[in-house]
Amino acid sequence: MVVFAGVLLLTSGFSFINFYLVLLGVYCVIGLVVTLPLFALTANLAGIEVDREIDKVKVFSGDFLRVRVTIRNASRRHFDFIEVHDQYPETWILAIGENFIASRIEPGSSITFSYILQARMRGRYYLGPTEVIMRDRLGFHYYKRTLKEQTEVLVYPTWKDVRRLESFAKQRQLGLMFGAHRTKTVGMGTDFAGFREYVPGDEFRLIDWKSSAKRGDMVVKQWEQEKNVQLICMVDTSGSMGNGYPENTKLEYAIRAAVLLTHLGLERKDLVGTCVFSDIVHGYVPPGTRPNHMYDVLEILAMAEPKGWSDYETAIAHVVGQSKKRSLIIWMTDLEESPAPLLNAMKTLVANGHRALVISPFGPWFEAPVGQFGPVEKVLSEAVSEELWERRNKMARALSRFGINVINVGPEDFLPTIIRTYEQAKQRGVAMF
Amino acid sequence: MAFLVYDILDPNDIWHWDAPYTFVVTVFRLLSLIVFFLATTMVSGLASAFTGGALPEDLIVGLYNILVLRTWYMQPYGLTDPLTNIQQVWASFQMNLSNVLLALWDNTFLFLYFLCAGIGIALFLQSLVRMDHKFVGGAFISIQAIIIIAAYRALIVPDLTPFPQDFMDFLISPAQILGLVSFAYLEVSYQMIYSSSVGKPVEDREETLKKQLLALRQATRKQDAIERGEKVSTTGMSRSTGATAFSFLREAMERKVMGSQSALESLDAVSDVRRLQIYVDELLQSDPRARDELTAKAAAPSSAYVIGSTLTGSAIRFLTVVAVSFILMSPYVVDMLLNLPIGIANSVEMIQPEIVVLFLVPVVGLFPFTAAVISWMSKREVVEKEKLTKEEKEAAEKRKKDLATKRKEAEKARKARTKARKKRKGDEAGVDEWDKALEEAFKK
């Protein structure tokens with residue numbers, strides 16, 4: 001505006017040979033630049049230090065996080081007008097406060113401001129960099145410096161499914177064990193299981209004489225003990241698992257399912273391990289009940305990224321090599337790779353005495369609803385869906401011959417399916433230890 | 001500034017308070033003449049097309065009497081009665097058109113003085129409320145535009161010809177006083193905007209936080225009431241107050257109200273708002289500094305310092321600008337500095353404004369150049385800190401290394417498997433029931 005005024009007045013002054021207009025034009029132009037050297041001399045942003053603090057470096061997706069930013073003027077200069085913008089990841093939400101400040105800062109002093117963010121979407125994120133802009137008093141000139149310091153935050157997958165499960169359990173007033181069937185083995189143990197007829201070879205001490213007298217035939221008392229199961233969750237993180245709406249991809253559901261399964265297992269003292277793989281094994285947490293087990297699982301799941309292809313054989317070789325006990329291995333994969341490696345992997349796990357089950361998210365159910373497509377896209381997507389469906393049916397048929405079920409799931413039934421699968425495994429006593 | 005401009009331009013007798021009215025009336029008179037001409041041409045065209053004859057003269061005369069003479073009161077231009085024949089009509093039309101055009105040319109300038117003054121005052125008033133550079137600049141340019149237009153019309157305008165050689169003469173000349181007042185207005189306004197922009201963000205921040213916390217509290221109470229089965233009025237959370245300023249809550253509301261009707265979505269939105277409320281409550285209770293840090297209260301500069309530094313800063317800048325401008329514009333100073341030959345010193349060009357350009361451009365260029373040199377020299381002091389700390393760097397490197405090792409191992413295992421398979425190829429025992437199952441499934 002001042003530049004425009006200066007040029008307008010100068011040109012008008014020259015055109016109409018008027019010294020007043022020229023003078024005012026000169027005032028504007030000189031006023032614009034006269035303090036520039038002084039500003040350059042004082043505006044040395046190297047004297048500004050920015051320090052960022054956060055409450056915790058690991059949070060769950062959806063949790064809140066307070067960020068404190070302290071700006072320190074370590075120089076001996078006054079900064080008349082300073083703007084500080086602290087950047088945060090695009091997918092996060094600024095819940096309370098503001099992530100920037102504009103003020104002046106005295107030599108040796110500091111200013112602190114804070115804001116609250118909601119962490120969204122799991123993964124490794126960085127807070128920062130911080131942009132510091134110094135302006136002159138009249139807003140004519142500015143210097144900018146970007147402070148590269150970044151604060152790493154690891155965002156675990158969402159905990160909302162567990163919270164929801166707990167809140168349902170509370171509503172029913174039956175606790176977390178609602179609907180859960182305890183896995184029992186008859187034989188050893190201390191819990192009374194029932195009577196059966198005596199067969200030669202039974203120990204005499206097991207004969208229940210009172211009941212035998214009533215029935216007129218010899219019966220023995222049976223005892224049972226509770227057993228726990230061992231499960232291993234194989235989470236496929238190949239590129240195709242990342243298809244779908246953000247936060248609603250097949251991979252996100254698989255991760256939520258793995259978290260839920262681990263939580264359920266830990267609550268019931270079962271052993272649940274997790275393996276995250278694509279063309280390599282990105283992480284494997286063997287089945288266990290250590291206090292930090294859940295966090296180990298969350299950590300490897302938090303860093304899962306959909307890329308690469310699914311190498312089932314490498315994954316199973318890794319798991320089988322580390323897990324000697326019989327386990328139920330639950331694959332969460334979209335079956336979009338060629339079938340031979342999957343069958344080879346199944347062969348390996350069955351040969352090692354494990355059982356398997358495939359929970360397979362069906363791609364088209366996670367992607368754009370067909371209703372949103374035009375006629376051509378609709379026909380194409382239906383053709384692709386049919387082809388994919390046929391392919392997975394063939395794969396399911398081949399696997400079913402060896403007692404391996406393939407359950408096709410969509411976004412709505414993914415989590416209920418994993419809970420049901422777990423309950424059934426408990427009922428049937430699959431892979432007990 | 002506006003008053004000085006009014007006062008200085010008053011001898012020109014341009015401040016006719018009816019100028020805007022006269023301008024508008026003249027414009028409409030011109031329009032009525034144009035409408036008359038167009039109507040006559042169109043009606044003539046239609047008449048010749050349908051009846052094959054010329055338009056009756058009475059109709060043209062009637063049109064002129066109604067459209068031009070009666071509607072826009074053209075009688076003062078020497079007529080007392082309606083016109084009766086067509087020759088009179090066209091002669092009157094021609095004369096009126098030229099008169100109206102000339103009057104419009106004069107009135108336009110008178111109108112522009114008022115328009116610029118009006119815009120200038122309106123922008124000045126806006127700048128008092130909004131504290132924005134563009135309003136101050138706009139007000140300054142609008143008021144100065146009056147003088148520019150007057151200079152174009154060769155009226156008596158403030159001038160400094162010949163440019164004073166003595167600094168005191170220069171300072172007390174009326175044109176210089178107007179220039180000083182105008183520049184002072186610009187300078188002081190910009191300084192006031194600075195003071196406001198330094199202190200206001202903290203105030204705004206506090207206000208926003210209050211609104212956000214209130215909106216959050218209301219939202220939580222509303223949810224509680226809904227859960228208890230009570231009827232809740234929708235005015236509980238006004239969109240015009242807190243909720244709109246609070247993107248988080250707005251988003252949560254939209255997820256609940258606008259988004260999918262799924263019960264789980266609603267549950268998420270409600271739970272997010274409630275958890276935020278709990279988080280904020282805990283934070284404010286556990287950390288006494290939390291509220292002040294959220295509002296950044298401590299960052300507010302002391303008003304005494306801001307006022308003091310604004311006044312000193314303004315005075316220094318003001319005096320420097322005036323002094324530098326005088327040196328630049330005075331031929332005497334230039335002559336003295338450069339010790340010019342007598343021929344050039346006494347030339348007409350020395351007393352023309354163009355001489356200013358000769359010095360203005362290099363002097364103006366000198367300031368940014370000096371600033372650039374200083375910035376370049378001080379740049380060496382700017383040492384950007386490392387992006388990551390040593391531990392973070394080591395961790396990143398370890399991650400990279402681990403990934404490479406894993407890839408290598410996986411590749412090795414794959415090769416071994418392929419090798420083993422190749423070895424088995426052709427061997428009947430190698431084709432087991434799994435392979436058969438696969439073949440059968442995909443054969444169909």
# chains A, B, ... in the order shown; residues from 1 in each chain; ligands from 1
>>> residues_around(residues="Val259 in chain A", least_positions_apart="3", cutoff="9 Å", atoms="only C-alpha atoms", output="list in words")
Pro157, Thr158, Trp159, Asp161, Val162, Ala254, Ile255, Arg256, Thr262, His263, Leu264, Met294, Val297, Leu298 and Leu301 of chain A
>>> write_last_selection(atoms="all heavy atoms", output="short mmCIF file (atom, residue, chain, number, x, y, z; two decimals), in the first residue's frame")
data_model
loop_
_atom_site.label_atom_id
_atom_site.label_comp_id
_atom_site.auth_asym_id
_atom_site.auth_seq_id
_atom_site.Cartn_x
_atom_site.Cartn_y
_atom_site.Cartn_z
N PRO A 157 -2.36 -47.74 17.85
CA PRO A 157 -3.71 -47.87 17.26
C PRO A 157 -4.78 -47.50 18.28
O PRO A 157 -4.53 -47.51 19.49
CB PRO A 157 -3.80 -49.36 16.91
CG PRO A 157 -2.41 -49.85 16.91
CD PRO A 157 -1.63 -49.02 17.85
N THR A 158 -5.95 -47.23 17.78
CA THR A 158 -7.01 -46.74 18.67
C THR A 158 -7.37 -47.77 19.75
O THR A 158 -7.32 -48.98 19.51
CB THR A 158 -8.26 -46.35 17.86
OG1 THR A 158 -9.25 -45.91 18.77
CG2 THR A 158 -8.81 -47.49 17.04
N TRP A 159 -7.75 -47.25 20.90
CA TRP A 159 -8.12 -48.10 22.02
C TRP A 159 -9.65 -48.11 22.18
O TRP A 159 -10.20 -48.66 23.11
CB TRP A 159 -7.44 -47.54 23.28
CG TRP A 159 -7.40 -48.47 24.46
CD1 TRP A 159 -8.03 -48.29 25.66
CD2 TRP A 159 -6.69 -49.72 24.59
NE1 TRP A 159 -7.76 -49.32 26.51
CE2 TRP A 159 -6.94 -50.22 25.87
CE3 TRP A 159 -5.87 -50.45 23.73
CZ2 TRP A 159 -6.41 -51.43 26.33
CZ3 TRP A 159 -5.34 -51.65 24.18
CH2 TRP A 159 -5.61 -52.12 25.46
N ASP A 161 -12.03 -49.55 20.61
CA ASP A 161 -12.76 -50.82 20.54
C ASP A 161 -12.74 -51.52 21.89
O ASP A 161 -13.73 -52.09 22.31
CB ASP A 161 -12.13 -51.72 19.47
CG ASP A 161 -12.16 -51.06 18.12
OD1 ASP A 161 -13.23 -50.57 17.74
OD2 ASP A 161 -11.11 -50.99 17.47
N VAL A 162 -11.59 -51.43 22.55
CA VAL A 162 -11.47 -52.05 23.87
C VAL A 162 -12.38 -51.33 24.85
O VAL A 162 -13.10 -51.95 25.63
CB VAL A 162 -9.99 -52.01 24.35
CG1 VAL A 162 -9.88 -52.52 25.77
CG2 VAL A 162 -9.12 -52.82 23.41
N ALA A 254 -7.63 -54.68 10.43
CA ALA A 254 -6.85 -55.83 10.88
C ALA A 254 -6.08 -55.48 12.16
O ALA A 254 -6.01 -56.28 13.09
CB ALA A 254 -5.88 -56.24 9.79
N ILE A 255 -5.56 -54.24 12.19
CA ILE A 255 -4.81 -53.80 13.37
C ILE A 255 -5.74 -53.67 14.58
O ILE A 255 -5.41 -54.11 15.69
CB ILE A 255 -4.08 -52.48 13.05
CG1 ILE A 255 -2.87 -52.80 12.16
CG2 ILE A 255 -3.64 -51.75 14.32
CD1 ILE A 255 -2.17 -51.62 11.59
N ARG A 256 -6.91 -53.10 14.35
CA ARG A 256 -7.87 -52.97 15.46
C ARG A 256 -8.26 -54.36 15.97
O ARG A 256 -8.39 -54.57 17.18
CB ARG A 256 -9.11 -52.21 14.98
CG ARG A 256 -8.87 -50.71 14.89
CD ARG A 256 -9.96 -50.01 14.15
NE ARG A 256 -11.24 -50.12 14.82
CZ ARG A 256 -12.37 -49.60 14.33
NH1 ARG A 256 -12.35 -48.95 13.19
NH2 ARG A 256 -13.50 -49.73 14.98
N THR A 262 -5.63 -59.28 21.33
CA THR A 262 -4.57 -59.32 22.35
C THR A 262 -5.16 -58.94 23.71
O THR A 262 -4.85 -59.56 24.73
CB THR A 262 -3.43 -58.35 21.97
OG1 THR A 262 -3.06 -58.61 20.64
CG2 THR A 262 -2.24 -58.49 22.89
N HIS A 263 -6.00 -57.93 23.70
CA HIS A 263 -6.60 -57.49 24.96
C HIS A 263 -7.47 -58.59 25.56
O HIS A 263 -7.36 -58.88 26.76
CB HIS A 263 -7.43 -56.23 24.71
CG HIS A 263 -8.17 -55.77 25.92
ND1 HIS A 263 -7.55 -55.12 26.96
CD2 HIS A 263 -9.47 -55.90 26.27
CE1 HIS A 263 -8.44 -54.85 27.89
NE2 HIS A 263 -9.63 -55.31 27.50
N LEU A 264 -8.30 -59.20 24.71
CA LEU A 264 -9.18 -60.27 25.20
C LEU A 264 -8.34 -61.41 25.77
O LEU A 264 -8.64 -61.94 26.84
CB LEU A 264 -10.03 -60.81 24.04
CG LEU A 264 -11.23 -59.96 23.62
CD1 LEU A 264 -11.83 -60.51 22.34
CD2 LEU A 264 -12.28 -59.93 24.71
N MET A 294 1.24 -56.03 25.98
CA MET A 294 0.29 -55.24 25.18
C MET A 294 1.00 -54.08 24.49
O MET A 294 0.77 -53.80 23.32
CB MET A 294 -0.80 -54.71 26.11
CG MET A 294 -1.96 -54.05 25.38
SD MET A 294 -2.98 -55.29 24.60
CE MET A 294 -3.47 -54.46 23.13
N VAL A 297 3.01 -55.20 21.53
CA VAL A 297 2.14 -55.44 20.37
C VAL A 297 1.72 -54.11 19.75
O VAL A 297 1.79 -53.92 18.53
CB VAL A 297 0.90 -56.27 20.80
CG1 VAL A 297 -0.10 -56.37 19.67
CG2 VAL A 297 1.32 -57.66 21.25
N LEU A 298 1.31 -53.18 20.62
CA LEU A 298 0.86 -51.87 20.11
C LEU A 298 1.96 -51.18 19.33
O LEU A 298 1.72 -50.54 18.31
CB LEU A 298 0.42 -50.99 21.28
CG LEU A 298 -0.91 -51.35 21.93
CD1 LEU A 298 -1.09 -50.57 23.22
CD2 LEU A 298 -2.07 -51.07 20.99
N LEU A 301 2.38 -52.67 15.91
CA LEU A 301 1.21 -52.37 15.09
C LEU A 301 1.17 -50.89 14.71
O LEU A 301 0.74 -50.53 13.62
CB LEU A 301 -0.08 -52.74 15.82
CG LEU A 301 -0.35 -54.23 16.00
CD1 LEU A 301 -1.56 -54.46 16.87
CD2 LEU A 301 -0.54 -54.93 14.66
#
>>> select_by_dssp(residues="range 204-287 of chain A", states="helix (DSSP H, G or I)", output="PyMOL selection string")
chain A and resi 204-206+209-215+239-242+250-267
>>> residues_around(residues="Leu335 in chain A", least_positions_apart="2", cutoff="12 Å", atoms="only C-alpha atoms", output="PyMOL selection string")
chain A and resi 235-241+250+309-312+331-333+337-343+358-363+388-396+406-409
>>> residues_around(residues="Ser303 in chain B", least_positions_apart="2", cutoff="12 Å", atoms="only C-alpha atoms", output="PyMOL selection string")
(chain A and resi 104) or (chain B and resi 195-196+198-200+299-301+305-310)
>>> write_last_selection(atoms="N, CA and C atoms", output="PDB file, in the first residue's frame")
ATOM      1  N   ARG A 104       6.084  -9.651  21.484  1.00  0.00           N
ATOM      2  CA  ARG A 104       7.437  -9.112  21.445  1.00  0.00           C
ATOM      3  C   ARG A 104       8.230  -9.812  22.552  1.00  0.00           C
TER       4      ARG A 104
ATOM      5  N   SER B 195       1.189  -1.749  17.888  1.00  0.00           N
ATOM      6  CA  SER B 195       0.890  -1.913  19.319  1.00  0.00           C
ATOM      7  C   SER B 195      -0.285  -2.859  19.499  1.00  0.00           C
ATOM      8  N   SER B 196      -1.276  -2.670  18.642  1.00  0.00           N
ATOM      9  CA  SER B 196      -2.464  -3.512  18.760  1.00  0.00           C
ATOM     10  C   SER B 196      -2.141  -4.966  18.408  1.00  0.00           C
ATOM     11  N   VAL B 198       0.581  -6.534  18.692  1.00  0.00           N
ATOM     12  CA  VAL B 198       1.446  -7.198  19.674  1.00  0.00           C
ATOM     13  C   VAL B 198       0.641  -7.637  20.890  1.00  0.00           C
ATOM     14  N   GLY B 199      -0.292  -6.816  21.288  1.00  0.00           N
ATOM     15  CA  GLY B 199      -1.045  -7.132  22.505  1.00  0.00           C
ATOM     16  C   GLY B 199      -2.305  -7.934  22.253  1.00  0.00           C
ATOM     17  N   LYS B 200      -2.886  -7.749  21.067  1.00  0.00           N
ATOM     18  CA  LYS B 200      -4.208  -8.345  20.817  1.00  0.00           C
ATOM     19  C   LYS B 200      -4.205  -9.875  20.731  1.00  0.00           C
ATOM     20  N   ALA B 299       2.985 -13.836  27.862  1.00  0.00           N
ATOM     21  CA  ALA B 299       3.622 -13.333  26.643  1.00  0.00           C
ATOM     22  C   ALA B 299       3.185 -11.905  26.322  1.00  0.00           C
ATOM     23  N   ALA B 300       2.147 -11.417  27.016  1.00  0.00           N
ATOM     24  CA  ALA B 300       1.655 -10.064  26.715  1.00  0.00           C
ATOM     25  C   ALA B 300       2.718  -9.041  27.094  1.00  0.00           C
ATOM     26  N   PRO B 301       3.101  -8.150  26.172  1.00  0.00           N
ATOM     27  CA  PRO B 301       4.130  -7.168  26.499  1.00  0.00           C
ATOM     28  C   PRO B 301       3.575  -6.081  27.417  1.00  0.00           C
ATOM     29  N   TYR B 305       5.902  -0.146  28.064  1.00  0.00           N
ATOM     30  CA  TYR B 305       7.038  -0.253  27.143  1.00  0.00           C
ATOM     31  C   TYR B 305       6.575  -0.050  25.704  1.00  0.00           C
ATOM     32  N   VAL B 306       5.439  -0.658  25.383  1.00  0.00           N
ATOM     33  CA  VAL B 306       4.949  -0.558  23.998  1.00  0.00           C
ATOM     34  C   VAL B 306       4.675   0.895  23.637  1.00  0.00           C
ATOM     35  N   ILE B 307       4.009   1.624  24.561  1.00  0.00           N
ATOM     36  CA  ILE B 307       3.693   3.036  24.279  1.00  0.00           C
ATOM     37  C   ILE B 307       4.989   3.837  24.150  1.00  0.00           C
ATOM     38  N   GLY B 308       5.893   3.637  25.111  1.00  0.00           N
ATOM     39  CA  GLY B 308       7.160   4.372  25.116  1.00  0.00           C
ATOM     40  C   GLY B 308       7.954   4.116  23.846  1.00  0.00           C
ATOM     41  N   SER B 309       8.104   2.843  23.522  1.00  0.00           N
ATOM     42  CA  SER B 309       8.921   2.509  22.351  1.00  0.00           C
ATOM     43  C   SER B 309       8.240   2.970  21.066  1.00  0.00           C
ATOM     44  N   THR B 310       6.909   2.982  21.064  1.00  0.00           N
ATOM     45  CA  THR B 310       6.191   3.443  19.879  1.00  0.00           C
ATOM     46  C   THR B 310       6.452   4.925  19.652  1.00  0.00           C
TER      47      THR B 310
END
>>> select_by_dssp(residues="range 303-406 of chain A", states="strand (DSSP E or B)", output="list of chain:residue names")
A:Leu328, A:Ile329, A:Ile330, A:Trp331, A:Met332, A:Arg355, A:Ala356, A:Leu357, A:Val358, A:Ile359, A:Ser360, A:Pro361, A:Asn405, A:Val406
>>> write_last_selection(atoms="N, CA and C atoms", output="compact mmCIF listing (two decimals), in the first residue's frame")
# COMPACT_ATOMS: atom_id res chain seq x y z
N LEU A 328 -3.02 -71.57 17.57
CA LEU A 328 -3.99 -71.29 16.50
C LEU A 328 -3.49 -70.02 15.83
N ILE A 329 -3.18 -70.16 14.56
CA ILE A 329 -2.63 -69.00 13.84
C ILE A 329 -3.74 -68.36 13.02
N ILE A 330 -4.04 -67.10 13.36
CA ILE A 330 -5.12 -66.38 12.66
C ILE A 330 -4.47 -65.42 11.67
N TRP A 331 -4.71 -65.68 10.43
CA TRP A 331 -4.17 -64.82 9.36
C TRP A 331 -5.17 -63.71 9.08
N MET A 332 -4.69 -62.51 9.04
CA MET A 332 -5.56 -61.41 8.61
C MET A 332 -4.96 -60.87 7.33
N ARG A 355 -2.62 -74.96 14.17
CA ARG A 355 -3.89 -74.87 13.45
C ARG A 355 -3.97 -73.48 12.84
N ALA A 356 -4.81 -73.35 11.81
CA ALA A 356 -4.87 -72.03 11.17
C ALA A 356 -6.30 -71.65 10.80
N LEU A 357 -6.48 -70.36 10.63
CA LEU A 357 -7.77 -69.79 10.25
C LEU A 357 -7.44 -68.50 9.49
N VAL A 358 -8.19 -68.23 8.42
CA VAL A 358 -7.92 -67.00 7.68
C VAL A 358 -9.13 -66.08 7.81
N ILE A 359 -8.88 -64.90 8.31
CA ILE A 359 -9.95 -63.87 8.33
C ILE A 359 -9.54 -62.88 7.25
N SER A 360 -10.35 -62.85 6.21
CA SER A 360 -9.91 -62.12 5.04
C SER A 360 -10.83 -60.95 4.70
N PRO A 361 -10.33 -59.73 4.84
CA PRO A 361 -11.15 -58.58 4.44
C PRO A 361 -11.28 -58.56 2.92
N ASN A 405 -10.34 -72.77 7.63
CA ASN A 405 -11.49 -71.98 7.17
C ASN A 405 -11.04 -70.59 6.72
N VAL A 406 -11.76 -70.09 5.73
CA VAL A 406 -11.53 -68.70 5.29
C VAL A 406 -12.82 -67.95 5.57
>>> closest_residue(among="B:Ile14, B:Val188, B:Ile119, B:Ala151", to="chain A", atoms="only C-alpha atoms")
B:Ala151
>>> residues_around(residues="range 174-187 of chain B", least_positions_apart="5", cutoff="9 Å", atoms="only C-alpha atoms", output="count of residues only")
28
>>> residues_around(residues="Thr91 in chain A", least_positions_apart="5", cutoff="8 Å", atoms="only C-alpha atoms", output="ChimeraX atom specification")
/A:119-121
>>> write_last_selection(atoms="N, CA and C atoms", output="PDB file, in the first residue's frame")
ATOM      1  N   ALA A 119      -4.427 -36.685  18.849  1.00  0.00           N
ATOM      2  CA  ALA A 119      -3.640 -37.511  17.923  1.00  0.00           C
ATOM      3  C   ALA A 119      -4.601 -38.381  17.113  1.00  0.00           C
ATOM      4  N   ARG A 120      -4.460 -38.330  15.819  1.00  0.00           N
ATOM      5  CA  ARG A 120      -5.337 -39.134  14.967  1.00  0.00           C
ATOM      6  C   ARG A 120      -4.489 -40.021  14.083  1.00  0.00           C
ATOM      7  N   MET A 121      -4.916 -41.217  13.869  1.00  0.00           N
ATOM      8  CA  MET A 121      -4.268 -42.193  13.004  1.00  0.00           C
ATOM      9  C   MET A 121      -2.916 -42.637  13.576  1.00  0.00           C
TER      10      MET A 121
END
>>> atom_distance(atom1="CA of Arg145 in chain A", atom2="CA of Glu49 in chain A")
11.0 Å
>>> closest_residue(among="B:Val27, B:Leu155, B:Leu360, B:Ala219", to="chain A", atoms="only C-alpha atoms")
B:Leu360
>>> closest_residue(among="A:Gly123, A:Gly47, A:Pro286, A:Gly273", to="chain B", atoms="only C-alpha atoms")
A:Gly47
>>> residues_around(residues="Lys221 in chain A", least_positions_apart="5", cutoff="6 Å", atoms="only C-alpha atoms", output="ChimeraX atom specification")
/A:195,206,208
>>> atom_distance(atom1="CA of Phe367 in chain B", atom2="CA of Phe39 in chain A")
10.7 Å
>>> decode(residues="range 8-24 of chain B", atoms="N, CA, C and O atoms", output="PDB file, in the first residue's frame")
ATOM      1  N   ILE B   8      -6.958  24.078   2.053  1.00  0.00           N
ATOM      2  CA  ILE B   8      -6.023  24.526   1.009  1.00  0.00           C
ATOM      3  C   ILE B   8      -6.717  24.613  -0.355  1.00  0.00           C
ATOM      4  O   ILE B   8      -6.442  25.502  -1.153  1.00  0.00           O
ATOM      5  N   LEU B   9      -7.645  23.695  -0.596  1.00  0.00           N
ATOM      6  CA  LEU B   9      -8.310  23.691  -1.906  1.00  0.00           C
ATOM      7  C   LEU B   9      -9.539  24.599  -1.958  1.00  0.00           C
ATOM      8  O   LEU B   9     -10.146  24.764  -3.017  1.00  0.00           O
ATOM      9  N   ASP B  10      -9.891  25.179  -0.798  1.00  0.00           N
ATOM     10  CA  ASP B  10     -11.105  26.003  -0.748  1.00  0.00           C
ATOM     11  C   ASP B  10     -11.089  27.193  -1.717  1.00  0.00           C
ATOM     12  O   ASP B  10     -12.115  27.490  -2.345  1.00  0.00           O
ATOM     13  N   PRO B  11      -9.952  27.894  -1.847  1.00  0.00           N
ATOM     14  CA  PRO B  11      -9.946  29.036  -2.789  1.00  0.00           C
ATOM     15  C   PRO B  11     -10.343  28.652  -4.218  1.00  0.00           C
ATOM     16  O   PRO B  11     -10.716  29.525  -4.999  1.00  0.00           O
ATOM     17  N   ASN B  12     -10.235  27.394  -4.576  1.00  0.00           N
ATOM     18  CA  ASN B  12     -10.609  26.969  -5.939  1.00  0.00           C
ATOM     19  C   ASN B  12     -12.123  26.920  -6.143  1.00  0.00           C
ATOM     20  O   ASN B  12     -12.583  26.648  -7.250  1.00  0.00           O
ATOM     21  N   ASP B  13     -12.860  27.092  -5.050  1.00  0.00           N
ATOM     22  CA  ASP B  13     -14.325  27.021  -5.098  1.00  0.00           C
ATOM     23  C   ASP B  13     -14.803  25.690  -5.694  1.00  0.00           C
ATOM     24  O   ASP B  13     -15.606  25.643  -6.632  1.00  0.00           O
ATOM     25  N   ILE B  14     -14.238  24.648  -5.143  1.00  0.00           N
ATOM     26  CA  ILE B  14     -14.645  23.325  -5.645  1.00  0.00           C
ATOM     27  C   ILE B  14     -15.596  22.613  -4.686  1.00  0.00           C
ATOM     28  O   ILE B  14     -16.206  21.611  -5.037  1.00  0.00           O
ATOM     29  N   TRP B  15     -15.685  23.108  -3.480  1.00  0.00           N
ATOM     30  CA  TRP B  15     -16.506  22.403  -2.481  1.00  0.00           C
ATOM     31  C   TRP B  15     -17.959  22.818  -2.578  1.00  0.00           C
ATOM     32  O   TRP B  15     -18.521  23.427  -1.680  1.00  0.00           O
ATOM     33  N   HIS B  16     -18.562  22.572  -3.732  1.00  0.00           N
ATOM     34  CA  HIS B  16     -19.997  22.828  -3.893  1.00  0.00           C
ATOM     35  C   HIS B  16     -20.705  21.621  -3.295  1.00  0.00           C
ATOM     36  O   HIS B  16     -20.562  20.513  -3.806  1.00  0.00           O
ATOM     37  N   TRP B  17     -21.460  21.860  -2.267  1.00  0.00           N
ATOM     38  CA  TRP B  17     -22.039  20.727  -1.543  1.00  0.00           C
ATOM     39  C   TRP B  17     -23.119  20.010  -2.343  1.00  0.00           C
ATOM     40  O   TRP B  17     -23.504  18.887  -2.017  1.00  0.00           O
ATOM     41  N   ASP B  18     -23.588  20.711  -3.422  1.00  0.00           N
ATOM     42  CA  ASP B  18     -24.598  20.037  -4.254  1.00  0.00           C
ATOM     43  C   ASP B  18     -23.939  19.254  -5.398  1.00  0.00           C
ATOM     44  O   ASP B  18     -24.619  18.744  -6.273  1.00  0.00           O
ATOM     45  N   ALA B  19     -22.624  19.205  -5.402  1.00  0.00           N
ATOM     46  CA  ALA B  19     -21.907  18.569  -6.522  1.00  0.00           C
ATOM     47  C   ALA B  19     -22.340  17.120  -6.751  1.00  0.00           C
ATOM     48  O   ALA B  19     -22.613  16.731  -7.903  1.00  0.00           O
ATOM     49  N   PRO B  20     -22.439  16.304  -5.696  1.00  0.00           N
ATOM     50  CA  PRO B  20     -22.873  14.914  -5.949  1.00  0.00           C
ATOM     51  C   PRO B  20     -24.258  14.860  -6.568  1.00  0.00           C
ATOM     52  O   PRO B  20     -24.504  14.095  -7.500  1.00  0.00           O
ATOM     53  N   TYR B  21     -25.172  15.736  -6.051  1.00  0.00           N
ATOM     54  CA  TYR B  21     -26.541  15.744  -6.591  1.00  0.00           C
ATOM     55  C   TYR B  21     -26.513  16.171  -8.062  1.00  0.00           C
ATOM     56  O   TYR B  21     -27.114  15.525  -8.929  1.00  0.00           O
ATOM     57  N   THR B  22     -25.804  17.254  -8.344  1.00  0.00           N
ATOM     58  CA  THR B  22     -25.723  17.762  -9.717  1.00  0.00           C
ATOM     59  C   THR B  22     -25.150  16.695 -10.647  1.00  0.00           C
ATOM     60  O   THR B  22     -25.625  16.517 -11.772  1.00  0.00           O
ATOM     61  N   PHE B  23     -24.140  15.997 -10.145  1.00  0.00           N
ATOM     62  CA  PHE B  23     -23.508  14.951 -10.964  1.00  0.00           C
ATOM     63  C   PHE B  23     -24.521  13.858 -11.322  1.00  0.00           C
ATOM     64  O   PHE B  23     -24.659  13.484 -12.481  1.00  0.00           O
ATOM     65  N   VAL B  24     -25.264  13.424 -10.315  1.00  0.00           N
ATOM     66  CA  VAL B  24     -26.230  12.340 -10.539  1.00  0.00           C
ATOM     67  C   VAL B  24     -27.319  12.804 -11.503  1.00  0.00           C
ATOM     68  O   VAL B  24     -27.674  12.097 -12.458  1.00  0.00           O
TER      69      VAL B  24
END
